[in-house]
Amino acid sequence: MSVVVERISTGVPGLDRILSGGIPKGFLVALAGEPGTGKTILCIHFVAVGLQVGDPCVYVTTEESRESVIRQAAQFGFDFQSGIRAGKLILIDALMREKDRWSLQSLDIEELVQKVIDAKKKLGRGHARLVIDSMSAFWLDRPAMARRYSYQVKRVLTRWNFTIMATTQYAITTAEAFGFGLEHIADGIIRFRKRLIGGRLCRFIICEKMRQTPHDLRAYEIDIIDGRGLVVKHPLRFRVEDTRLPYVVLSRILRAKRRAEEGLTPRDRQE
């Protein structure tokens with residue numbers, strides 16, 4: 001029996017192809033990775049394409065001000081200010097602690113959930129997109145609560161007809177999660193990574209999990225281009241870990257491996 005999965009675009013065509021057309025509607029997707037890997041920019045794409053197709057959007061920012069998110073979106077050609085004026089986008093600021101309707105006065109999960117519900121009521125019925133960037137801010141001083149808070153967000157807010165992207169920070173030192181949290185609750189995990197290769201910062205993306213859908217299992221190099229945003233380039237020929245070695249060395253290792261598999265030594269090949 002075939003099941004039709006309704007999908008919504010991430011706003012990045014290359015990532016939509018990796019996900020067989022986009023994120024299944026109604027999912028909570030975790031964007032996981034170290035700082036500086038592109039998570040916030042994917043969130044901006046997700047909201048921008050939502051505004052283009054008529055989806056109301058809520059964007060919660062905990063690590064940048066509301067104005068910073070608007071400026072960053074403009075850098076990539078997206079006009080968030082017009083979306084706010086048209087009543088299609090509500091930007092909830094949890095950083096600046098301004099006392100207005102769409103600001104959080106504390107990093108409290110109950111306040112977050114209620115503020116998002118208030119925003120959804122303001123935007124009206126129907127499907128909407130939600131970004132929480134980042135969820136990690138809500139358990140900075142109580143990491144043991146990460147999984148419970150993540151479950152609370154998913155259990156309550158998915159009832160309000162949201163498709164959700166939520167970011168979670170990984171440690172700079174180990175590039176790994178701080179513990180049990182958002183990934184265990186999420187319907188999908190998109191992992192961001194980075195490496196310094198040949199003196200250049202390279203970023204990568206891989207879909208580690210996406211329920212109810214086939215998806216590409218390869219890691220892809222990505223780029224962040226001024227005026228365009230996040231661009232998916234090509235799948236990696238090697239594991240991300242392999243890129244620590246120079247390409248020439250890797251080529252020799254692979255050639256030697258192929259010769260060994262063929263049962264030929266270098267002397268055999270010369271003869």
# chains A, B, ... in the order shown; residues from 1 in each chain; ligands from 1
call {"tool": "closest_atom_pairs", "arguments": {"of": "range 31-149 of chain A", "to": "range 10-17 of chain A", "cutoff": "8 Å", "atoms": "only C-alpha atoms", "output": "JSON lines"}}
result
{"residue": "A:Leu42", "atom": "CA", "partner": "A:Thr10", "partner_atom": "CA", "distance": 7.6}
{"residue": "A:His45", "atom": "CA", "partner": "A:Gly11", "partner_atom": "CA", "distance": 4.8}
{"residue": "A:Phe46", "atom": "CA", "partner": "A:Thr10", "partner_atom": "CA", "distance": 4.8}
{"residue": "A:Val47", "atom": "CA", "partner": "A:Gly11", "partner_atom": "CA", "distance": 7.8}
{"residue": "A:Ala48", "atom": "CA", "partner": "A:Gly11", "partner_atom": "CA", "distance": 7.1}
{"residue": "A:Val49", "atom": "CA", "partner": "A:Gly11", "partner_atom": "CA", "distance": 5.1}
{"residue": "A:Gly50", "atom": "CA", "partner": "A:Gly11", "partner_atom": "CA", "distance": 7.9}
call {"tool": "select_by_dssp", "arguments": {"residues": "range 81-130 of chain A", "states": "strand (DSSP E or B)", "output": "list in words"}}
result
Leu89, Ile90, Leu91, Ile92, Asp93, Ser103, Ala128, Arg129 and Leu130 of chain A
call {"tool": "write_last_selection", "arguments": {"atoms": "N, CA and C atoms", "output": "PDB file, in the first residue's frame"}}
result
ATOM      1  N   LEU A  89       4.757  37.166   9.131  1.00  0.00           N
ATOM      2  CA  LEU A  89       5.939  36.721   9.866  1.00  0.00           C
ATOM      3  C   LEU A  89       5.972  37.418  11.225  1.00  0.00           C
ATOM      4  N   ILE A  90       6.136  36.623  12.269  1.00  0.00           N
ATOM      5  CA  ILE A  90       6.342  37.157  13.617  1.00  0.00           C
ATOM      6  C   ILE A  90       7.706  36.691  14.094  1.00  0.00           C
ATOM      7  N   LEU A  91       8.547  37.649  14.461  1.00  0.00           N
ATOM      8  CA  LEU A  91       9.905  37.370  14.916  1.00  0.00           C
ATOM      9  C   LEU A  91       9.952  37.561  16.424  1.00  0.00           C
ATOM     10  N   ILE A  92      10.078  36.478  17.153  1.00  0.00           N
ATOM     11  CA  ILE A  92      10.111  36.522  18.615  1.00  0.00           C
ATOM     12  C   ILE A  92      11.562  36.624  19.073  1.00  0.00           C
ATOM     13  N   ASP A  93      11.874  37.702  19.785  1.00  0.00           N
ATOM     14  CA  ASP A  93      13.240  37.992  20.212  1.00  0.00           C
ATOM     15  C   ASP A  93      13.416  37.562  21.668  1.00  0.00           C
ATOM     16  N   SER A 103       8.549  39.575  22.495  1.00  0.00           N
ATOM     17  CA  SER A 103       9.843  39.338  23.130  1.00  0.00           C
ATOM     18  C   SER A 103       9.661  38.404  24.319  1.00  0.00           C
ATOM     19  N   ALA A 128       1.567  26.456   9.325  1.00  0.00           N
ATOM     20  CA  ALA A 128       2.549  27.520   9.511  1.00  0.00           C
ATOM     21  C   ALA A 128       3.925  26.898   9.734  1.00  0.00           C
ATOM     22  N   ARG A 129       4.942  27.703   9.542  1.00  0.00           N
ATOM     23  CA  ARG A 129       6.326  27.265   9.762  1.00  0.00           C
ATOM     24  C   ARG A 129       6.857  27.910  11.032  1.00  0.00           C
ATOM     25  N   LEU A 130       7.624  27.132  11.794  1.00  0.00           N
ATOM     26  CA  LEU A 130       8.219  27.623  13.032  1.00  0.00           C
ATOM     27  C   LEU A 130       9.708  27.324  13.043  1.00  0.00           C
TER      28      LEU A 130
END
call {"tool": "closest_residue", "arguments": {"among": "A:Ala186, A:Val53, A:Leu112, A:Ile70", "to": "Met165 in chain A", "atoms": "only C-alpha atoms"}}
result
A:Ala186
call {"tool": "closest_residue", "arguments": {"among": "A:Ser65, A:Lys194, A:Asp187, A:Gln81", "to": "Thr163 in chain A", "atoms": "only C-alpha atoms"}}
result
A:Asp187
call {"tool": "select_by_dssp", "arguments": {"residues": "range 44-258 of chain A", "states": "helix (DSSP H, G or I)", "output": "mmCIF file with N, CA and C atoms, in the first residue's frame"}}
result
data_model
loop_
_atom_site.group_PDB
_atom_site.id
_atom_site.type_symbol
_atom_site.label_atom_id
_atom_site.label_comp_id
_atom_site.auth_asym_id
_atom_site.auth_seq_id
_atom_site.Cartn_x
_atom_site.Cartn_y
_atom_site.Cartn_z
ATOM 1 N N ILE A 44 16.714 30.611 7.837
ATOM 2 C CA ILE A 44 16.276 31.794 7.081
ATOM 3 C C ILE A 44 15.688 31.375 5.736
ATOM 4 N N HIS A 45 16.327 30.439 5.058
ATOM 5 C CA HIS A 45 15.782 29.910 3.796
ATOM 6 C C HIS A 45 14.400 29.301 4.018
ATOM 7 N N PHE A 46 14.260 28.539 5.088
ATOM 8 C CA PHE A 46 13.013 27.843 5.395
ATOM 9 C C PHE A 46 11.859 28.838 5.563
ATOM 10 N N VAL A 47 12.120 29.934 6.261
ATOM 11 C CA VAL A 47 11.099 30.965 6.450
ATOM 12 C C VAL A 47 10.862 31.740 5.157
ATOM 13 N N ALA A 48 11.936 32.052 4.439
ATOM 14 C CA ALA A 48 11.796 32.840 3.213
ATOM 15 C C ALA A 48 10.928 32.139 2.180
ATOM 16 N N VAL A 49 11.145 30.838 1.971
ATOM 17 C CA VAL A 49 10.327 30.122 0.993
ATOM 18 C C VAL A 49 8.904 29.960 1.513
ATOM 19 N N GLY A 50 8.752 29.876 2.829
ATOM 20 C CA GLY A 50 7.415 29.826 3.398
ATOM 21 C C GLY A 50 6.621 31.078 3.079
ATOM 22 N N LEU A 51 7.250 32.230 3.221
ATOM 23 C CA LEU A 51 6.586 33.489 2.897
ATOM 24 C C LEU A 51 6.239 33.552 1.409
ATOM 25 N N GLN A 52 7.116 32.995 0.571
ATOM 26 C CA GLN A 52 6.870 33.014 -0.878
ATOM 27 C C GLN A 52 5.651 32.182 -1.249
ATOM 28 N N VAL A 53 5.435 31.062 -0.561
ATOM 29 C CA VAL A 53 4.319 30.172 -0.917
ATOM 30 C C VAL A 53 3.068 30.454 -0.089
ATOM 31 N N ARG A 66 16.448 40.489 16.902
ATOM 32 C CA ARG A 66 15.477 40.519 15.815
ATOM 33 C C ARG A 66 16.042 41.274 14.608
ATOM 34 N N GLU A 67 16.666 42.414 14.865
ATOM 35 C CA GLU A 67 17.216 43.229 13.779
ATOM 36 C C GLU A 67 18.350 42.510 13.058
ATOM 37 N N SER A 68 19.146 41.745 13.792
ATOM 38 C CA SER A 68 20.245 41.006 13.176
ATOM 39 C C SER A 68 19.731 39.943 12.217
ATOM 40 N N VAL A 69 18.658 39.241 12.593
ATOM 41 C CA VAL A 69 18.070 38.222 11.716
ATOM 42 C C VAL A 69 17.530 38.874 10.444
ATOM 43 N N ILE A 70 16.876 40.019 10.589
ATOM 44 C CA ILE A 70 16.330 40.727 9.419
ATOM 45 C C ILE A 70 17.454 41.160 8.484
ATOM 46 N N ARG A 71 18.543 41.671 9.049
ATOM 47 C CA ARG A 71 19.681 42.102 8.219
ATOM 48 C C ARG A 71 20.343 40.918 7.526
ATOM 49 N N GLN A 72 20.487 39.817 8.253
ATOM 50 C CA GLN A 72 21.116 38.636 7.651
ATOM 51 C C GLN A 72 20.261 38.086 6.514
ATOM 52 N N ALA A 73 18.947 38.081 6.690
ATOM 53 C CA ALA A 73 18.066 37.634 5.614
ATOM 54 C C ALA A 73 18.223 38.530 4.391
ATOM 55 N N ALA A 74 18.310 39.849 4.611
ATOM 56 C CA ALA A 74 18.468 40.791 3.504
ATOM 57 C C ALA A 74 19.778 40.561 2.766
ATOM 58 N N GLN A 75 20.802 40.134 3.505
ATOM 59 C CA GLN A 75 22.103 39.851 2.883
ATOM 60 C C GLN A 75 21.985 38.773 1.810
ATOM 61 N N PHE A 80 12.477 40.061 5.017
ATOM 62 C CA PHE A 80 11.678 39.690 6.183
ATOM 63 C C PHE A 80 10.841 40.855 6.688
ATOM 64 N N GLN A 81 11.333 42.072 6.494
ATOM 65 C CA GLN A 81 10.613 43.247 6.978
ATOM 66 C C GLN A 81 9.236 43.348 6.338
ATOM 67 N N SER A 82 9.163 43.051 5.045
ATOM 68 C CA SER A 82 7.867 43.095 4.350
ATOM 69 C C SER A 82 6.925 42.026 4.896
ATOM 70 N N GLY A 83 7.484 40.842 5.212
ATOM 71 C CA GLY A 83 6.669 39.780 5.787
ATOM 72 C C GLY A 83 6.099 40.164 7.138
ATOM 73 N N ILE A 84 6.885 40.875 7.935
ATOM 74 C CA ILE A 84 6.408 41.335 9.236
ATOM 75 C C ILE A 84 5.305 42.373 9.059
ATOM 76 N N ARG A 85 5.520 43.324 8.155
ATOM 77 C CA ARG A 85 4.510 44.371 7.933
ATOM 78 C C ARG A 85 3.206 43.788 7.392
ATOM 79 N N ILE A 109 10.918 27.607 29.098
ATOM 80 C CA ILE A 109 10.279 26.817 28.054
ATOM 81 C C ILE A 109 8.772 27.037 28.032
ATOM 82 N N GLU A 110 8.166 27.246 29.194
ATOM 83 C CA GLU A 110 6.732 27.509 29.243
ATOM 84 C C GLU A 110 6.400 28.832 28.558
ATOM 85 N N GLU A 111 7.220 29.845 28.820
ATOM 86 C CA GLU A 111 6.998 31.142 28.187
ATOM 87 C C GLU A 111 7.178 31.044 26.674
ATOM 88 N N LEU A 112 8.190 30.271 26.242
ATOM 89 C CA LEU A 112 8.410 30.075 24.806
ATOM 90 C C LEU A 112 7.177 29.461 24.147
ATOM 91 N N VAL A 113 6.682 28.358 24.697
ATOM 92 C CA VAL A 113 5.550 27.651 24.101
ATOM 93 C C VAL A 113 4.330 28.565 24.035
ATOM 94 N N GLN A 114 4.058 29.295 25.110
ATOM 95 C CA GLN A 114 2.891 30.169 25.120
ATOM 96 C C GLN A 114 3.025 31.312 24.126
ATOM 97 N N LYS A 115 4.238 31.853 24.005
ATOM 98 C CA LYS A 115 4.451 32.956 23.063
ATOM 99 C C LYS A 115 4.262 32.481 21.623
ATOM 100 N N VAL A 116 4.713 31.297 21.315
ATOM 101 C CA VAL A 116 4.530 30.746 19.964
ATOM 102 C C VAL A 116 3.045 30.495 19.690
ATOM 103 N N ILE A 117 2.320 29.991 20.683
ATOM 104 C CA ILE A 117 0.879 29.788 20.515
ATOM 105 C C ILE A 117 0.171 31.123 20.283
ATOM 106 N N ASP A 118 0.573 32.154 21.030
ATOM 107 C CA ASP A 118 -0.014 33.491 20.831
ATOM 108 C C ASP A 118 0.244 33.987 19.410
ATOM 109 N N ALA A 119 1.458 33.730 18.920
ATOM 110 C CA ALA A 119 1.801 34.143 17.558
ATOM 111 C C ALA A 119 0.960 33.397 16.532
ATOM 112 N N LYS A 120 0.740 32.093 16.761
ATOM 113 C CA LYS A 120 -0.074 31.311 15.826
ATOM 114 C C LYS A 120 -1.514 31.812 15.799
ATOM 115 N N LYS A 121 -2.047 32.160 16.960
ATOM 116 C CA LYS A 121 -3.399 32.715 17.003
ATOM 117 C C LYS A 121 -3.470 34.027 16.224
ATOM 118 N N LYS A 122 -2.425 34.820 16.325
ATOM 119 C CA LYS A 122 -2.378 36.084 15.587
ATOM 120 C C LYS A 122 -2.307 35.851 14.082
ATOM 121 N N LEU A 123 -1.554 34.848 13.661
ATOM 122 C CA LEU A 123 -1.372 34.567 12.235
ATOM 123 C C LEU A 123 -2.595 33.906 11.609
ATOM 124 N N MET A 135 17.324 25.868 20.340
ATOM 125 C CA MET A 135 16.739 25.215 21.494
ATOM 126 C C MET A 135 17.748 25.087 22.628
ATOM 127 N N SER A 136 19.020 24.996 22.297
ATOM 128 C CA SER A 136 20.052 24.784 23.310
ATOM 129 C C SER A 136 20.052 25.874 24.375
ATOM 130 N N ALA A 137 19.633 27.088 23.996
ATOM 131 C CA ALA A 137 19.632 28.200 24.944
ATOM 132 C C ALA A 137 18.721 27.938 26.130
ATOM 133 N N PHE A 138 17.705 27.097 25.973
ATOM 134 C CA PHE A 138 16.726 26.878 27.030
ATOM 135 C C PHE A 138 17.191 25.884 28.088
ATOM 136 N N TRP A 139 18.311 25.173 27.820
ATOM 137 C CA TRP A 139 18.801 24.256 28.844
ATOM 138 C C TRP A 139 20.293 24.473 29.136
ATOM 139 N N PRO A 143 21.202 21.144 31.653
ATOM 140 C CA PRO A 143 21.275 20.248 30.487
ATOM 141 C C PRO A 143 20.497 18.953 30.662
ATOM 142 N N ALA A 144 20.281 18.525 31.896
ATOM 143 C CA ALA A 144 19.525 17.289 32.119
ATOM 144 C C ALA A 144 18.075 17.410 31.676
ATOM 145 N N MET A 145 17.607 18.660 31.485
ATOM 146 C CA MET A 145 16.221 18.884 31.093
ATOM 147 C C MET A 145 16.040 18.930 29.572
ATOM 148 N N ALA A 146 17.109 18.762 28.827
ATOM 149 C CA ALA A 146 17.052 18.959 27.374
ATOM 150 C C ALA A 146 16.006 18.075 26.706
ATOM 151 N N ARG A 147 16.003 16.822 27.058
ATOM 152 C CA ARG A 147 15.070 15.904 26.399
ATOM 153 C C ARG A 147 13.626 16.212 26.784
ATOM 154 N N ARG A 148 13.383 16.526 28.041
ATOM 155 C CA ARG A 148 12.027 16.846 28.480
ATOM 156 C C ARG A 148 11.519 18.116 27.794
ATOM 157 N N TYR A 149 12.356 19.139 27.722
ATOM 158 C CA TYR A 149 11.949 20.384 27.074
ATOM 159 C C TYR A 149 11.667 20.157 25.586
ATOM 160 N N SER A 150 12.512 19.369 24.942
ATOM 161 C CA SER A 150 12.313 19.081 23.523
ATOM 162 C C SER A 150 10.993 18.354 23.303
ATOM 163 N N TYR A 151 10.695 17.407 24.167
ATOM 164 C CA TYR A 151 9.436 16.670 24.061
ATOM 165 C C TYR A 151 8.244 17.600 24.262
ATOM 166 N N GLN A 152 8.354 18.515 25.202
ATOM 167 C CA GLN A 152 7.263 19.449 25.463
ATOM 168 C C GLN A 152 6.976 20.329 24.254
ATOM 169 N N VAL A 153 8.034 20.830 23.627
ATOM 170 C CA VAL A 153 7.868 21.661 22.435
ATOM 171 C C VAL A 153 7.188 20.877 21.323
ATOM 172 N N LYS A 154 7.646 19.647 21.088
ATOM 173 C CA LYS A 154 7.054 18.851 20.014
ATOM 174 C C LYS A 154 5.620 18.474 20.325
ATOM 175 N N ARG A 155 5.358 18.018 21.526
ATOM 176 C CA ARG A 155 4.025 17.535 21.894
ATOM 177 C C ARG A 155 2.975 18.645 21.793
ATOM 178 N N VAL A 156 3.332 19.847 22.226
ATOM 179 C CA VAL A 156 2.354 20.937 22.244
ATOM 180 C C VAL A 156 2.266 21.634 20.892
ATOM 181 N N LEU A 157 3.404 21.996 20.314
ATOM 182 C CA LEU A 157 3.362 22.892 19.159
ATOM 183 C C LEU A 157 3.008 22.193 17.849
ATOM 184 N N THR A 158 3.284 20.902 17.719
ATOM 185 C CA THR A 158 2.863 20.232 16.491
ATOM 186 C C THR A 158 1.338 20.136 16.404
ATOM 187 N N ARG A 159 0.643 20.229 17.530
ATOM 188 C CA ARG A 159 -0.827 20.255 17.511
ATOM 189 C C ARG A 159 -1.363 21.539 16.869
ATOM 190 N N TRP A 160 -0.511 22.554 16.801
ATOM 191 C CA TRP A 160 -0.937 23.839 16.257
ATOM 192 C C TRP A 160 -0.606 23.956 14.769
ATOM 193 N N LEU A 182 17.411 17.149 21.824
ATOM 194 C CA LEU A 182 16.495 17.372 20.717
ATOM 195 C C LEU A 182 16.514 16.247 19.691
ATOM 196 N N GLU A 183 17.701 15.699 19.397
ATOM 197 C CA GLU A 183 17.800 14.684 18.352
ATOM 198 C C GLU A 183 16.955 13.448 18.639
ATOM 199 N N HIS A 184 16.795 13.100 19.911
ATOM 200 C CA HIS A 184 16.037 11.902 20.271
ATOM 201 C C HIS A 184 14.539 12.100 20.111
ATOM 202 N N ILE A 185 14.106 13.340 20.085
ATOM 203 C CA ILE A 185 12.689 13.665 19.966
ATOM 204 C C ILE A 185 12.312 13.985 18.519
ATOM 205 N N VAL A 240 34.038 12.567 5.865
ATOM 206 C CA VAL A 240 34.528 13.855 6.355
ATOM 207 C C VAL A 240 35.833 13.659 7.111
ATOM 208 N N GLU A 241 35.933 12.567 7.871
ATOM 209 C CA GLU A 241 37.156 12.304 8.628
ATOM 210 C C GLU A 241 38.361 12.110 7.712
ATOM 211 N N ASP A 242 38.113 11.575 6.500
ATOM 212 C CA ASP A 242 39.207 11.321 5.574
ATOM 213 C C ASP A 242 39.839 12.610 5.074
ATOM 214 N N THR A 243 39.096 13.702 5.100
ATOM 215 C CA THR A 243 39.612 14.945 4.534
ATOM 216 C C THR A 243 40.707 15.550 5.385
ATOM 217 N N ARG A 244 41.015 14.924 6.503
ATOM 218 C CA ARG A 244 42.145 15.390 7.296
ATOM 219 C C ARG A 244 43.468 15.069 6.592
ATOM 220 N N TYR A 247 44.946 15.198 -0.280
ATOM 221 C CA TYR A 247 44.305 14.456 -1.369
ATOM 222 C C TYR A 247 45.292 13.504 -2.043
ATOM 223 N N VAL A 248 46.559 13.935 -2.216
ATOM 224 C CA VAL A 248 47.566 13.094 -2.880
ATOM 225 C C VAL A 248 47.784 11.805 -2.084
ATOM 226 N N VAL A 249 47.837 11.937 -0.768
ATOM 227 C CA VAL A 249 48.039 10.763 0.082
ATOM 228 C C VAL A 249 46.841 9.821 -0.019
ATOM 229 N N LEU A 250 45.640 10.400 0.011
ATOM 230 C CA LEU A 250 44.442 9.578 -0.107
ATOM 231 C C LEU A 250 44.402 8.839 -1.440
ATOM 232 N N SER A 251 44.793 9.513 -2.510
ATOM 233 C CA SER A 251 44.801 8.883 -3.832
ATOM 234 C C SER A 251 45.729 7.684 -3.862
ATOM 235 N N ARG A 252 46.893 7.823 -3.254
ATOM 236 C CA ARG A 252 47.843 6.698 -3.221
ATOM 237 C C ARG A 252 47.286 5.541 -2.403
ATOM 238 N N ILE A 253 46.653 5.849 -1.285
ATOM 239 C CA ILE A 253 46.078 4.799 -0.445
ATOM 240 C C ILE A 253 44.996 4.043 -1.204
ATOM 241 N N LEU A 254 44.137 4.780 -1.911
ATOM 242 C CA LEU A 254 43.050 4.142 -2.650
ATOM 243 C C LEU A 254 43.580 3.300 -3.808
ATOM 244 N N ARG A 255 44.623 3.789 -4.499
ATOM 245 C CA ARG A 255 45.208 3.007 -5.595
ATOM 246 C C ARG A 255 45.822 1.717 -5.066
ATOM 247 N N ALA A 256 46.523 1.824 -3.938
ATOM 248 C CA ALA A 256 47.133 0.628 -3.343
ATOM 249 C C ALA A 256 46.061 -0.363 -2.904
ATOM 250 N N LYS A 257 44.960 0.162 -2.381
ATOM 251 C CA LYS A 257 43.867 -0.708 -1.960
ATOM 252 C C LYS A 257 43.257 -1.446 -3.143
ATOM 253 N N ARG A 258 43.071 -0.728 -4.270
ATOM 254 C CA ARG A 258 42.504 -1.370 -5.458
ATOM 255 C C ARG A 258 43.430 -2.456 -5.991
#
call {"tool": "atom_distance", "arguments": {"atom1": "CA of Met210 in chain A", "atom2": "CA of Ile222 in chain A"}}
result
19.5 Å
call {"tool": "residues_around", "arguments": {"residues": "Ile224 in chain A", "least_positions_apart": "6", "cutoff": "9 Å", "atoms": "only C-alpha atoms", "output": "list in words"}}
result
Gly38, Ile41, Arg203, Leu230, Val231 and Val232 of chain A
call {"tool": "write_last_selection", "arguments": {"atoms": "C-alpha atoms", "output": "short mmCIF file (atom, residue, chain, number, x, y, z; two decimals), in the first residue's frame"}}
result
data_model
loop_
_atom_site.label_atom_id
_atom_site.label_comp_id
_atom_site.auth_asym_id
_atom_site.auth_seq_id
_atom_site.Cartn_x
_atom_site.Cartn_y
_atom_site.Cartn_z
CA GLY A 38 25.15 27.25 8.44
CA ILE A 41 21.06 30.38 7.30
CA ARG A 203 31.27 23.05 5.53
CA LEU A 230 23.23 28.26 1.44
CA VAL A 231 24.09 26.22 -1.65
CA VAL A 232 24.52 22.44 -1.74
#
